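Okay, coords15.pdb now, which holds PDB, C-alpha atoms:
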ATOM      1  CA  MET W 231      -6.385  19.107  15.373  1.00  0.00           C
ATOM      2  CA  GLU W 232      -5.763  15.564  16.536  1.00  0.00           C
ATOM      3  CA  ALA W 233      -5.529  14.959  20.268  1.00  0.00           C
ATOM      4  CA  PRO W 234      -1.993  14.306  21.543  1.00  0.00           C
ATOM      5  CA  MET W 235      -1.137  10.624  21.652  1.00  0.00           C
ATOM      6  CA  GLY W 236      -1.022   9.207  25.167  1.00  0.00           C
ATOM      7  CA  LEU W 237       2.045   7.549  26.669  1.00  0.00           C
ATOM      8  CA  ARG W 238       0.438   4.089  26.511  1.00  0.00           C
ATOM      9  CA  GLU W 239      -0.329   4.431  22.803  1.00  0.00           C
ATOM     10  CA  ARG W 240       3.164   5.769  22.052  1.00  0.00           C
ATOM     11  CA  LYS W 241       4.703   2.782  23.815  1.00  0.00           C
ATOM     12  CA  LYS W 242       2.503   0.413  21.829  1.00  0.00           C
ATOM     13  CA  GLN W 243       3.530   2.032  18.565  1.00  0.00           C
ATOM     14  CA  ARG W 244       7.212   1.854  19.496  1.00  0.00           C
ATOM     15  CA  THR W 245       6.866  -1.823  20.389  1.00  0.00           C
ATOM     16  CA  ARG W 246       5.064  -2.540  17.133  1.00  0.00           C
ATOM     17  CA  LYS W 247       7.747  -0.753  15.125  1.00  0.00           C
ATOM     18  CA  THR W 248      10.548  -2.533  16.985  1.00  0.00           C
ATOM     19  CA  ILE W 249       9.008  -5.939  16.300  1.00  0.00           C
ATOM     20  CA  SER W 250       8.434  -5.189  12.622  1.00  0.00           C
ATOM     21  CA  ASP W 251      11.862  -3.619  12.060  1.00  0.00           C
ATOM     22  CA  THR W 252      13.522  -6.571  13.780  1.00  0.00           C
ATOM     23  CA  ALA W 253      11.582  -9.071  11.679  1.00  0.00           C
ATOM     24  CA  ILE W 254      12.318  -7.344   8.383  1.00  0.00           C
ATOM     25  CA  ALA W 255      16.024  -7.078   9.204  1.00  0.00           C
ATOM     26  CA  LEU W 256      16.157 -10.814   9.968  1.00  0.00           C
ATOM     27  CA  PHE W 257      14.171 -11.701   6.845  1.00  0.00           C
ATOM     28  CA  LEU W 258      16.455  -9.618   4.648  1.00  0.00           C
ATOM     29  CA  GLU W 259      19.545 -11.243   6.145  1.00  0.00           C
ATOM     30  CA  HIS W 260      18.389 -14.858   6.294  1.00  0.00           C
ATOM     31  CA  GLY W 261      15.272 -15.163   4.146  1.00  0.00           C
ATOM     32  CA  PHE W 262      11.608 -15.168   5.140  1.00  0.00           C
ATOM     33  CA  ASP W 263      11.210 -18.926   5.432  1.00  0.00           C
ATOM     34  CA  GLN W 264      14.451 -19.368   7.379  1.00  0.00           C
ATOM     35  CA  VAL W 265      13.424 -17.105  10.275  1.00  0.00           C
ATOM     36  CA  SER W 266      10.868 -18.251  12.844  1.00  0.00           C
ATOM     37  CA  VAL W 267       8.483 -16.150  14.898  1.00  0.00           C
ATOM     38  CA  VAL W 268      10.317 -17.390  17.988  1.00  0.00           C
ATOM     39  CA  ASP W 269      13.577 -15.973  16.564  1.00  0.00           C
ATOM     40  CA  ILE W 270      11.939 -12.609  15.981  1.00  0.00           C
ATOM     41  CA  ALA W 271      10.357 -12.443  19.431  1.00  0.00           C
ATOM     42  CA  ALA W 272      13.659 -13.255  21.091  1.00  0.00           C
ATOM     43  CA  MET W 273      15.554 -10.651  19.087  1.00  0.00           C
ATOM     44  CA  ALA W 274      12.877  -8.000  19.721  1.00  0.00           C
ATOM     45  CA  GLU W 275      12.794  -8.937  23.419  1.00  0.00           C
ATOM     46  CA  VAL W 276       9.067  -9.660  23.523  1.00  0.00           C
ATOM     47  CA  SER W 277       7.092 -12.828  24.149  1.00  0.00           C
ATOM     48  CA  LYS W 278       5.592 -14.813  21.293  1.00  0.00           C
ATOM     49  CA  PRO W 279       2.014 -14.029  22.487  1.00  0.00           C
ATOM     50  CA  THR W 280       2.905 -10.314  22.554  1.00  0.00           C
ATOM     51  CA  LEU W 281       4.211 -10.515  19.003  1.00  0.00           C
ATOM     52  CA  PHE W 282       0.977 -12.101  17.803  1.00  0.00           C
ATOM     53  CA  THR W 283      -0.996  -9.391  19.590  1.00  0.00           C
ATOM     54  CA  TYR W 284       0.522  -6.881  17.203  1.00  0.00           C
ATOM     55  CA  PHE W 285       0.843  -9.107  14.140  1.00  0.00           C
ATOM     56  CA  PRO W 286      -1.664 -11.980  13.816  1.00  0.00           C
ATOM     57  CA  ALA W 287       0.330 -13.711  11.050  1.00  0.00           C
ATOM     58  CA  LYS W 288       4.026 -13.974  10.268  1.00  0.00           C
ATOM     59  CA  GLU W 289       3.420 -12.342   6.877  1.00  0.00           C
ATOM     60  CA  ASP W 290       1.896  -9.304   8.583  1.00  0.00           C
ATOM     61  CA  LEU W 291       5.287  -8.518  10.096  1.00  0.00           C
ATOM     62  CA  VAL W 292       6.294  -7.436   6.605  1.00  0.00           C
ATOM     63  CA  VAL W 293       3.231  -6.461   4.641  1.00  0.00           C
ATOM     64  CA  HIS W 294       1.503  -4.481   7.372  1.00  0.00           C
ATOM     65  CA  ARG W 295       3.081  -1.519   5.586  1.00  0.00           C
ATOM     66  CA  PHE W 296       0.581  -2.105   2.799  1.00  0.00           C
ATOM     67  CA  ALA W 297      -2.237  -2.094   5.345  1.00  0.00           C
ATOM     68  CA  ASP W 298      -1.480   1.556   6.052  1.00  0.00           C
ATOM     69  CA  HIS W 299      -2.764   2.276   2.535  1.00  0.00           C
ATOM     70  CA  GLN W 300      -5.940   0.196   2.738  1.00  0.00           C
ATOM     71  CA  THR W 301      -8.199   3.143   3.411  1.00  0.00           C
ATOM     72  CA  ALA W 302      -6.163   5.753   1.526  1.00  0.00           C
ATOM     73  CA  GLY W 303      -8.304   5.661  -1.617  1.00  0.00           C
ATOM     74  CA  SER W 304     -11.517   5.810   0.366  1.00  0.00           C
ATOM     75  CA  THR W 305     -10.214   8.768   2.383  1.00  0.00           C
ATOM     76  CA  VAL W 306      -9.156  10.598  -0.792  1.00  0.00           C
ATOM     77  CA  VAL W 307     -12.652  10.220  -2.243  1.00  0.00           C
ATOM     78  CA  GLU W 308     -14.377  11.266   0.980  1.00  0.00           C
ATOM     79  CA  GLN W 309     -12.165  14.322   1.503  1.00  0.00           C
ATOM     80  CA  ARG W 310     -11.918  15.540  -2.087  1.00  0.00           C
ATOM     81  CA  PRO W 311     -12.661  19.244  -2.690  1.00  0.00           C
ATOM     82  CA  PRO W 312     -16.102  20.282  -3.910  1.00  0.00           C
ATOM     83  CA  GLY W 313     -16.487  19.928  -7.664  1.00  0.00           C
ATOM     84  CA  VAL W 314     -13.676  17.361  -7.991  1.00  0.00           C
ATOM     85  CA  SER W 315     -14.729  13.934  -9.228  1.00  0.00           C
ATOM     86  CA  ALA W 316     -13.742  10.802  -7.330  1.00  0.00           C
ATOM     87  CA  LEU W 317     -11.582   9.623 -10.230  1.00  0.00           C
ATOM     88  CA  ASP W 318      -9.831  12.979 -10.576  1.00  0.00           C
ATOM     89  CA  ALA W 319      -9.087  12.997  -6.850  1.00  0.00           C
ATOM     90  CA  LEU W 320      -7.637   9.467  -6.996  1.00  0.00           C
ATOM     91  CA  HIS W 321      -5.591  10.412 -10.059  1.00  0.00           C
ATOM     92  CA  GLN W 322      -4.124  13.467  -8.344  1.00  0.00           C
ATOM     93  CA  HIS W 323      -3.399  11.454  -5.202  1.00  0.00           C
ATOM     94  CA  PHE W 324      -1.347   8.971  -7.215  1.00  0.00           C
ATOM     95  CA  LEU W 325       0.519  11.804  -8.965  1.00  0.00           C
ATOM     96  CA  ASP W 326       1.266  13.361  -5.566  1.00  0.00           C
ATOM     97  CA  GLY W 327       2.628   9.992  -4.434  1.00  0.00           C
ATOM     98  CA  LEU W 328       4.935   9.872  -7.445  1.00  0.00           C
ATOM     99  CA  ALA W 329       6.199  13.380  -6.752  1.00  0.00           C
ATOM    100  CA  ALA W 330       6.835  12.446  -3.118  1.00  0.00           C
ATOM    101  CA  ARG W 331       8.564   9.197  -4.157  1.00  0.00           C
ATOM    102  CA  ASP W 332       6.095   7.239  -2.035  1.00  0.00           C
ATOM    103  CA  PRO W 333       7.276   3.594  -2.083  1.00  0.00           C
ATOM    104  CA  ILE W 334       3.685   2.442  -2.661  1.00  0.00           C
ATOM    105  CA  THR W 335       3.918   3.940  -6.179  1.00  0.00           C
ATOM    106  CA  GLY W 336       7.036   1.912  -6.958  1.00  0.00           C
ATOM    107  CA  LEU W 337       8.938   5.136  -7.688  1.00  0.00           C
ATOM    108  CA  ASN W 338      11.584   4.993  -4.989  1.00  0.00           C
ATOM    109  CA  ASP W 339      15.218   4.039  -5.493  1.00  0.00           C
ATOM    110  CA  ASP W 340      16.305   3.961  -1.857  1.00  0.00           C
ATOM    111  CA  SER W 341      18.323   0.785  -1.301  1.00  0.00           C
ATOM    112  CA  ASP W 342      16.314  -0.233   1.788  1.00  0.00           C
ATOM    113  CA  VAL W 343      13.040   0.221  -0.082  1.00  0.00           C
ATOM    114  CA  LEU W 344      14.308  -1.836  -3.022  1.00  0.00           C
ATOM    115  CA  ALA W 345      15.456  -4.596  -0.679  1.00  0.00           C
ATOM    116  CA  PHE W 346      12.051  -4.592   1.025  1.00  0.00           C
ATOM    117  CA  HIS W 347      10.196  -4.864  -2.281  1.00  0.00           C
ATOM    118  CA  SER W 348      12.511  -7.618  -3.440  1.00  0.00           C
ATOM    119  CA  LEU W 349      11.809  -9.552  -0.235  1.00  0.00           C
ATOM    120  CA  VAL W 350       8.054  -9.192  -0.665  1.00  0.00           C
ATOM    121  CA  TYR W 351       7.803 -10.065  -4.341  1.00  0.00           C
ATOM    122  CA  SER W 352      10.232 -12.993  -4.161  1.00  0.00           C
ATOM    123  CA  THR W 353       8.266 -14.698  -1.358  1.00  0.00           C
ATOM    124  CA  PRO W 354       5.003 -16.377  -2.481  1.00  0.00           C
ATOM    125  CA  SER W 355       3.293 -16.189   0.914  1.00  0.00           C
ATOM    126  CA  LEU W 356       4.025 -12.463   1.137  1.00  0.00           C
ATOM    127  CA  VAL W 357       2.707 -11.881  -2.374  1.00  0.00           C
ATOM    128  CA  ALA W 358      -0.484 -13.693  -1.405  1.00  0.00           C
ATOM    129  CA  ARG W 359      -0.857 -11.588   1.741  1.00  0.00           C
ATOM    130  CA  VAL W 360      -0.352  -8.385  -0.233  1.00  0.00           C
ATOM    131  CA  GLY W 361      -3.142  -9.582  -2.518  1.00  0.00           C
ATOM    132  CA  GLU W 362      -5.435  -9.898   0.494  1.00  0.00           C
ATOM    133  CA  TYR W 363      -4.648  -6.349   1.562  1.00  0.00           C
ATOM    134  CA  LEU W 364      -5.329  -5.061  -1.945  1.00  0.00           C
ATOM    135  CA  SER W 365      -8.631  -6.911  -2.013  1.00  0.00           C
ATOM    136  CA  GLN W 366      -9.653  -5.258   1.245  1.00  0.00           C
ATOM    137  CA  ALA W 367      -8.574  -1.860  -0.086  1.00  0.00           C
ATOM    138  CA  GLU W 368     -10.702  -2.481  -3.174  1.00  0.00           C
ATOM    139  CA  GLN W 369     -13.767  -3.359  -1.105  1.00  0.00           C
ATOM    140  CA  THR W 370     -13.349  -0.288   1.096  1.00  0.00           C
ATOM    141  CA  LEU W 371     -13.012   1.985  -1.932  1.00  0.00           C
ATOM    142  CA  ALA W 372     -16.031   0.362  -3.596  1.00  0.00           C
ATOM    143  CA  ARG W 373     -18.234   1.132  -0.592  1.00  0.00           C
ATOM    144  CA  THR W 374     -17.182   4.778  -0.612  1.00  0.00           C
ATOM    145  CA  LEU W 375     -17.650   5.090  -4.370  1.00  0.00           C
ATOM    146  CA  ALA W 376     -21.119   3.572  -4.104  1.00  0.00           C
ATOM    147  CA  ASP W 377     -22.091   6.426  -1.786  1.00  0.00           C
ATOM    148  CA  THR W 378     -20.435   8.943  -4.089  1.00  0.00           C
ATOM    149  CA  LEU W 379     -21.805   7.828  -7.456  1.00  0.00           C
ATOM    150  CA  GLY W 380     -25.403   7.653  -6.374  1.00  0.00           C
ATOM    151  CA  THR W 381     -28.317   5.564  -7.608  1.00  0.00           C
ATOM    152  CA  GLU W 382     -28.160   6.809 -11.194  1.00  0.00           C
ATOM    153  CA  TYR W 383     -25.292   4.384 -11.851  1.00  0.00           C
ATOM    154  CA  ARG W 384     -25.621   0.632 -12.052  1.00  0.00           C
ATOM    155  CA  GLU W 385     -25.039  -1.179  -8.785  1.00  0.00           C
ATOM    156  CA  VAL W 386     -21.977  -2.876 -10.255  1.00  0.00           C
ATOM    157  CA  THR W 387     -20.304   0.404 -11.300  1.00  0.00           C
ATOM    158  CA  ALA W 388     -18.691   1.188  -7.937  1.00  0.00           C
ATOM    159  CA  PRO W 389     -17.102  -2.268  -7.502  1.00  0.00           C
ATOM    160  CA  LEU W 390     -15.931  -2.206 -11.121  1.00  0.00           C
ATOM    161  CA  LEU W 391     -14.359   1.216 -10.761  1.00  0.00           C
ATOM    162  CA  ALA W 392     -12.716   0.339  -7.439  1.00  0.00           C
ATOM    163  CA  GLY W 393     -11.287  -2.852  -8.906  1.00  0.00           C
ATOM    164  CA  GLN W 394      -9.923  -1.054 -11.938  1.00  0.00           C
ATOM    165  CA  VAL W 395      -8.389   1.760  -9.871  1.00  0.00           C
ATOM    166  CA  VAL W 396      -6.644  -0.625  -7.477  1.00  0.00           C
ATOM    167  CA  ALA W 397      -5.450  -2.807 -10.357  1.00  0.00           C
ATOM    168  CA  ALA W 398      -4.182   0.198 -12.307  1.00  0.00           C
ATOM    169  CA  GLN W 399      -2.251   1.544  -9.330  1.00  0.00           C
ATOM    170  CA  ARG W 400      -0.740  -1.873  -8.645  1.00  0.00           C
ATOM    171  CA  LEU W 401       0.378  -2.276 -12.250  1.00  0.00           C
ATOM    172  CA  LEU W 402       1.762   1.264 -12.438  1.00  0.00           C
ATOM    173  CA  ALA W 403       3.762   0.650  -9.260  1.00  0.00           C
ATOM    174  CA  SER W 404       5.057  -2.657 -10.622  1.00  0.00           C
ATOM    175  CA  VAL W 405       6.237  -1.055 -13.866  1.00  0.00           C
ATOM    176  CA  ASN W 406       7.966   1.755 -11.962  1.00  0.00           C
ATOM    177  CA  TRP W 407       9.691  -0.712  -9.653  1.00  0.00           C
ATOM    178  CA  GLN W 408      10.861  -2.888 -12.541  1.00  0.00           C
ATOM    179  CA  ARG W 409      12.377   0.136 -14.293  1.00  0.00           C
ATOM    180  CA  ILE W 410      14.304   1.081 -11.160  1.00  0.00           C
ATOM    181  CA  VAL W 411      15.431  -2.499 -10.531  1.00  0.00           C
ATOM    182  CA  GLY W 412      16.719  -2.359 -14.102  1.00  0.00           C
ATOM    183  CA  GLY W 413      19.201   0.307 -13.040  1.00  0.00           C
ATOM    184  CA  ARG W 414      17.404   3.615 -13.551  1.00  0.00           C
ATOM    185  CA  THR W 415      16.881   6.290 -10.918  1.00  0.00           C
ATOM    186  CA  ALA W 416      13.546   7.475  -9.612  1.00  0.00           C
ATOM    187  CA  ASP W 417      14.206  10.937 -11.004  1.00  0.00           C
ATOM    188  CA  ASP W 418      14.885   9.452 -14.424  1.00  0.00           C
ATOM    189  CA  VAL W 419      11.710   7.346 -14.375  1.00  0.00           C
ATOM    190  CA  PHE W 420       9.483  10.097 -12.976  1.00  0.00           C
ATOM    191  CA  PRO W 421       8.370  11.654 -16.321  1.00  0.00           C
ATOM    192  CA  GLU W 422       7.390   8.240 -17.709  1.00  0.00           C
ATOM    193  CA  ALA W 423       5.673   7.269 -14.468  1.00  0.00           C
ATOM    194  CA  THR W 424       3.626  10.470 -14.558  1.00  0.00           C
ATOM    195  CA  ALA W 425       2.690   9.972 -18.209  1.00  0.00           C
ATOM    196  CA  ASP W 426       1.717   6.354 -17.524  1.00  0.00           C
ATOM    197  CA  ALA W 427      -0.499   7.418 -14.616  1.00  0.00           C
ATOM    198  CA  ASP W 428      -2.193  10.062 -16.776  1.00  0.00           C
ATOM    199  CA  HIS W 429      -2.771   7.458 -19.492  1.00  0.00           C
ATOM    200  CA  ALA W 430      -4.156   4.879 -17.056  1.00  0.00           C
ATOM    201  CA  PHE W 431      -6.652   7.244 -15.477  1.00  0.00           C
ATOM    202  CA  ALA W 432      -7.683   8.598 -18.887  1.00  0.00           C
ATOM    203  CA  LEU W 433      -8.546   5.036 -19.887  1.00  0.00           C
ATOM    204  CA  LEU W 434     -10.570   4.615 -16.708  1.00  0.00           C
ATOM    205  CA  ARG W 435     -12.532   7.788 -17.405  1.00  0.00           C
ATOM    206  CA  ARG W 436     -13.371   6.805 -20.954  1.00  0.00           C
ATOM    207  CA  GLY W 437     -13.960   3.141 -20.289  1.00  0.00           C
ATOM    208  CA  LEU W 438     -16.010   2.996 -17.120  1.00  0.00           C
ATOM    209  CA  LEU W 439     -17.744   6.333 -16.759  1.00  0.00           C
ATOM    210  CA  GLY W 440     -17.891   7.397 -20.372  1.00  0.00           C
ATOM    211  CA  ALA W 441     -20.785   5.080 -21.116  1.00  0.00           C
ATOM    212  CA  HIS W 442     -23.092   6.785 -18.629  1.00  0.00           C
TER     213      HIS W 442
END
Rewrite the structure from the file as structure tokens, please.
Amino acid sequence: MEAPMGLRERKKQRTRKTISDTAIALFLEHGFDQVSVVDIAAMAEVSKPTLFTYFPAKEDLVVHRFADHQTAGSTVVEQRPPGVSALDALHQHFLDGLAARDPITGLNDDSDVLAFHSLVYSTPSLVARVGEYLSQAEQTLARTLADTLGTEYREVTAPLLAGQVVAAQRLLASVNWQRIVGGRTADDVFPEATADADHAFALLRRGLLGAH
């Protein structure tokens, strides 16, 4: 069991959430480029230095939500049950995300989630920052896979597999989001999203590991 969170840490988390929620609300109302960090700090009732303590860059006020998933793939691989391959564990994790309507899978039709995604993917600097987070997630997964695959695989196999997994998940999420933006519901898209995920991971199994 995890130790109870102390009062100091709870206060820090509340402050962080308040700053981020305030920023996103302002960005959605006025546009990312039209809102300054000073505006956000004033509205959140914190100083500018305090804001930057929690969020080093303006873009992080929005895309820090992606940072929460940076180590998810690595954790899935590390904590997979005995006898389950890394790729099978990652596949099942993505399917579980679809079933839970996790926004990271793109399969979520909540209006606030759609507005958030629209903000991110219509703002070039946010798209670039998301790319940086994905790159870090890829590197973290590659290191874990390297430990998992062992020396019998080529040194380049783990980075290749990590890159393909992260790219596949990103593309699957993008397709799901585009379908929902087109007017369909998450429940309606779910069967296709599941089939697409199965297809993507089947390709990964045959393409990258099948040659060994």
- Query: Between W:Ala330, W:Val360, W:Ala345, W:Leu281, which has the minimum distance to Trp407 of chain W (counting only C-alpha atoms)?
  - Reply: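 Counting only C-alpha atoms, the residue closest to Trp407 of chain W is W:Ala345.
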- Task: Mind checking which residues fall within 10 Å of Leu344 of chain W, counting all atoms listed in the file, ignoring those fewer than 5 positions away in the same chain, and posting them as an MDAnalysis selection string?
- Result: chainID W and resid 333 336:339 349:350 407 410:411
- Figure out the distance between atom CA of Ile334 of chain W and atom CA of Phe296 of chain W, please, to one decimal in Å.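 Value for the atom CA of Phe296 of chain W-atom CA of Ile334 of chain W distance: 7.8 Å.
Minimum atom-to-atom distances from W:Glu368, W:Asp298, W:Asp377, W:Glu275 to Val396 of chain W were compared using only C-alpha atoms, and the lowest value belongs to W:Glu368.
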- atom CA of Leu401 of chain W to atom CA of Asp318 of chain W, straight-line distance in Å: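 Between atom CA of Asp318 of chain W and atom CA of Leu401 of chain W the gap is 18.4 Å.
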- Message: Once the PyMOL selection byres ((chain W and resi 294) around 12) has been evaluated on this model, what residues remain selected, and can you format them as a ChimeraX atom specification?
- Response: /W:246-247,249-251,253-254,284-293,295-300,350,356,359-360,362-364
